[in-house]
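One structure below.
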Amino acid sequence: MDTVGSNMKERDALLDRLGLREVCLIHYDVEEGDVRARTALNRFLFGRVEVRASNGSSKRYRYPGLVTQGAEWIGQSVFMAQPDLADRLISKLRELGIRHWTRTVYEPS
């Protein structure tokens with residue numbers, strides 16, 4: 001096993017013994033006039049519902065956001081998420097050209 005893999009296993013074992021898990025704290029800043037980015041990010045984070053008319057009735061389609069998948073809204077422009085969800089959020093922020101900052105933190109598991 002390589003050194004990095006060995007160190008990660010040791011770190012994971014230590015976190016497990018301490019009853020902690022790694023999460024990422026993500027803060028972002030959408031420019032005030034960038035409505036397109038703000039709308040796209042809100043849909044990505046909170047999901048959306050579309051109502052479509054068909055044959056005289058309507059059908060609702062729900063598209064879940066990252067929050068329904070486990071990301072936690074901490075406050076305005078601040079989220080906490082497990083590493084896999086944080087990676088998805090960071091990728092979206094980069095794609096939309098939104099400035100962001102991240103920190104690894106630990107919380108009780």
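If you're wondering about the labels, chains in the structure tokens are A, B, ... by order shown, residues count from 1 in each chain, ligands from 1 in order shown.
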Query - All residues 10 Å or closer to Glu50 in chain A, only C-alpha atoms, same chain fewer than 4 positions away omitted, as a PyMOL selection string - result: chain A and resi 58-63
Report task. Within chain A, find each residue whose DSSP state, derived from the backbone, is strand (DSSP E or B), and express the selection as a VMD selection string. Result -> chain A and resid 20 to 29 48 to 54 57 to 63 72 to 75 78 to 81 99 to 108
Requested in this report: Tell me which protein, DNA and RNA residues are within 12 Å of Asn42 in chain A, counting only C-alpha atoms, leaving out same-chain ones fewer than 3 positions away, and put them as a VMD selection string.
Outcome: chain A and resid 30 35 to 39 45 to 48 64 to 67 73 76 to 77 89 92 to 93 96
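Put simply, CA of Tyr28 in chain A is 4.1 Å away from CA of His100 in chain A.
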Query raised in the report: Which residues, written as an MDAnalysis selection string, have at least one atom at most 7 Å from Gln82 in chain A, with only C-alpha atoms counted and residues fewer than 6 positions away on the same chain left out?
Result: chainID A and resid 22:24
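Using only C-alpha atoms, the nearest neighbour of Pro83 in chain A within the list A:Arg52, A:Glu31, A:Ile26, A:Gly5 is A:Ile26.
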Requested in this report: Among the residues of chain A, find those DSSP assigns to alpha helix (DSSP H) from the backbone and print them as a ChimeraX atom specification.
Outcome: /A:3-18,35-46,83-96
Export of prior selection with C-alpha atoms as a tab-separated table (two decimals), in the first residue's frame:
chain	number	residue	atom	x	y	z
A	3	THR	CA	2.06	6.01	1.93
A	4	VAL	CA	-0.94	8.21	1.12
A	5	GLY	CA	-3.36	5.29	1.29
A	6	SER	CA	-1.83	4.13	4.55
A	7	ASN	CA	-2.05	7.62	6.06
A	8	MET	CA	-5.70	7.94	5.00
A	9	LYS	CA	-6.54	4.60	6.63
A	10	GLU	CA	-4.83	5.71	9.84
A	11	ARG	CA	-6.68	9.04	9.76
A	12	ASP	CA	-10.02	7.32	9.15
A	13	ALA	CA	-9.36	4.91	12.04
A	14	LEU	CA	-8.51	7.82	14.36
A	15	LEU	CA	-11.66	9.71	13.38
A	16	ASP	CA	-13.70	6.57	13.99
A	17	ARG	CA	-12.17	6.10	17.46
A	18	LEU	CA	-12.90	9.75	18.29
A	35	VAL	CA	-29.20	36.48	-11.64
A	36	ARG	CA	-28.46	33.56	-13.99
A	37	ALA	CA	-25.83	32.09	-11.65
A	38	ARG	CA	-27.93	32.71	-8.54
A	39	THR	CA	-30.98	30.98	-10.08
A	40	ALA	CA	-28.95	28.01	-11.33
A	41	LEU	CA	-27.24	27.59	-7.95
A	42	ASN	CA	-30.52	27.82	-6.00
A	43	ARG	CA	-32.05	25.12	-8.21
A	44	PHE	CA	-28.96	22.96	-7.74
A	45	LEU	CA	-29.02	23.40	-3.95
A	46	PHE	CA	-32.73	23.40	-3.15
A	83	PRO	CA	-16.94	15.31	1.00
A	84	ASP	CA	-18.79	13.70	-1.95
A	85	LEU	CA	-21.60	16.28	-1.85
A	86	ALA	CA	-19.12	19.09	-1.20
A	87	ASP	CA	-17.20	18.06	-4.34
A	88	ARG	CA	-20.40	18.34	-6.37
A	89	LEU	CA	-21.17	21.78	-4.92
A	90	ILE	CA	-17.63	23.03	-5.52
A	91	SER	CA	-17.77	21.78	-9.12
A	92	LYS	CA	-21.07	23.64	-9.65
A	93	LEU	CA	-19.66	26.83	-8.14
A	94	ARG	CA	-16.65	26.62	-10.47
A	95	GLU	CA	-18.90	25.90	-13.46
A	96	LEU	CA	-20.97	29.01	-12.67
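Considering the residues A:His27, A:Glu32, A:Trp101, A:Val49 and counting only C-alpha atoms, Phe79 in chain A has its shortest atom-to-atom contact with A:His27.
Counting from CA of Met80 in chain A, the distance to CA of Glu107 in chain A is 10.4 Å.
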Report summary line: Between CA of Asp29 in chain A and CA of Ile98 in chain A lies a distance of 6.4 Å
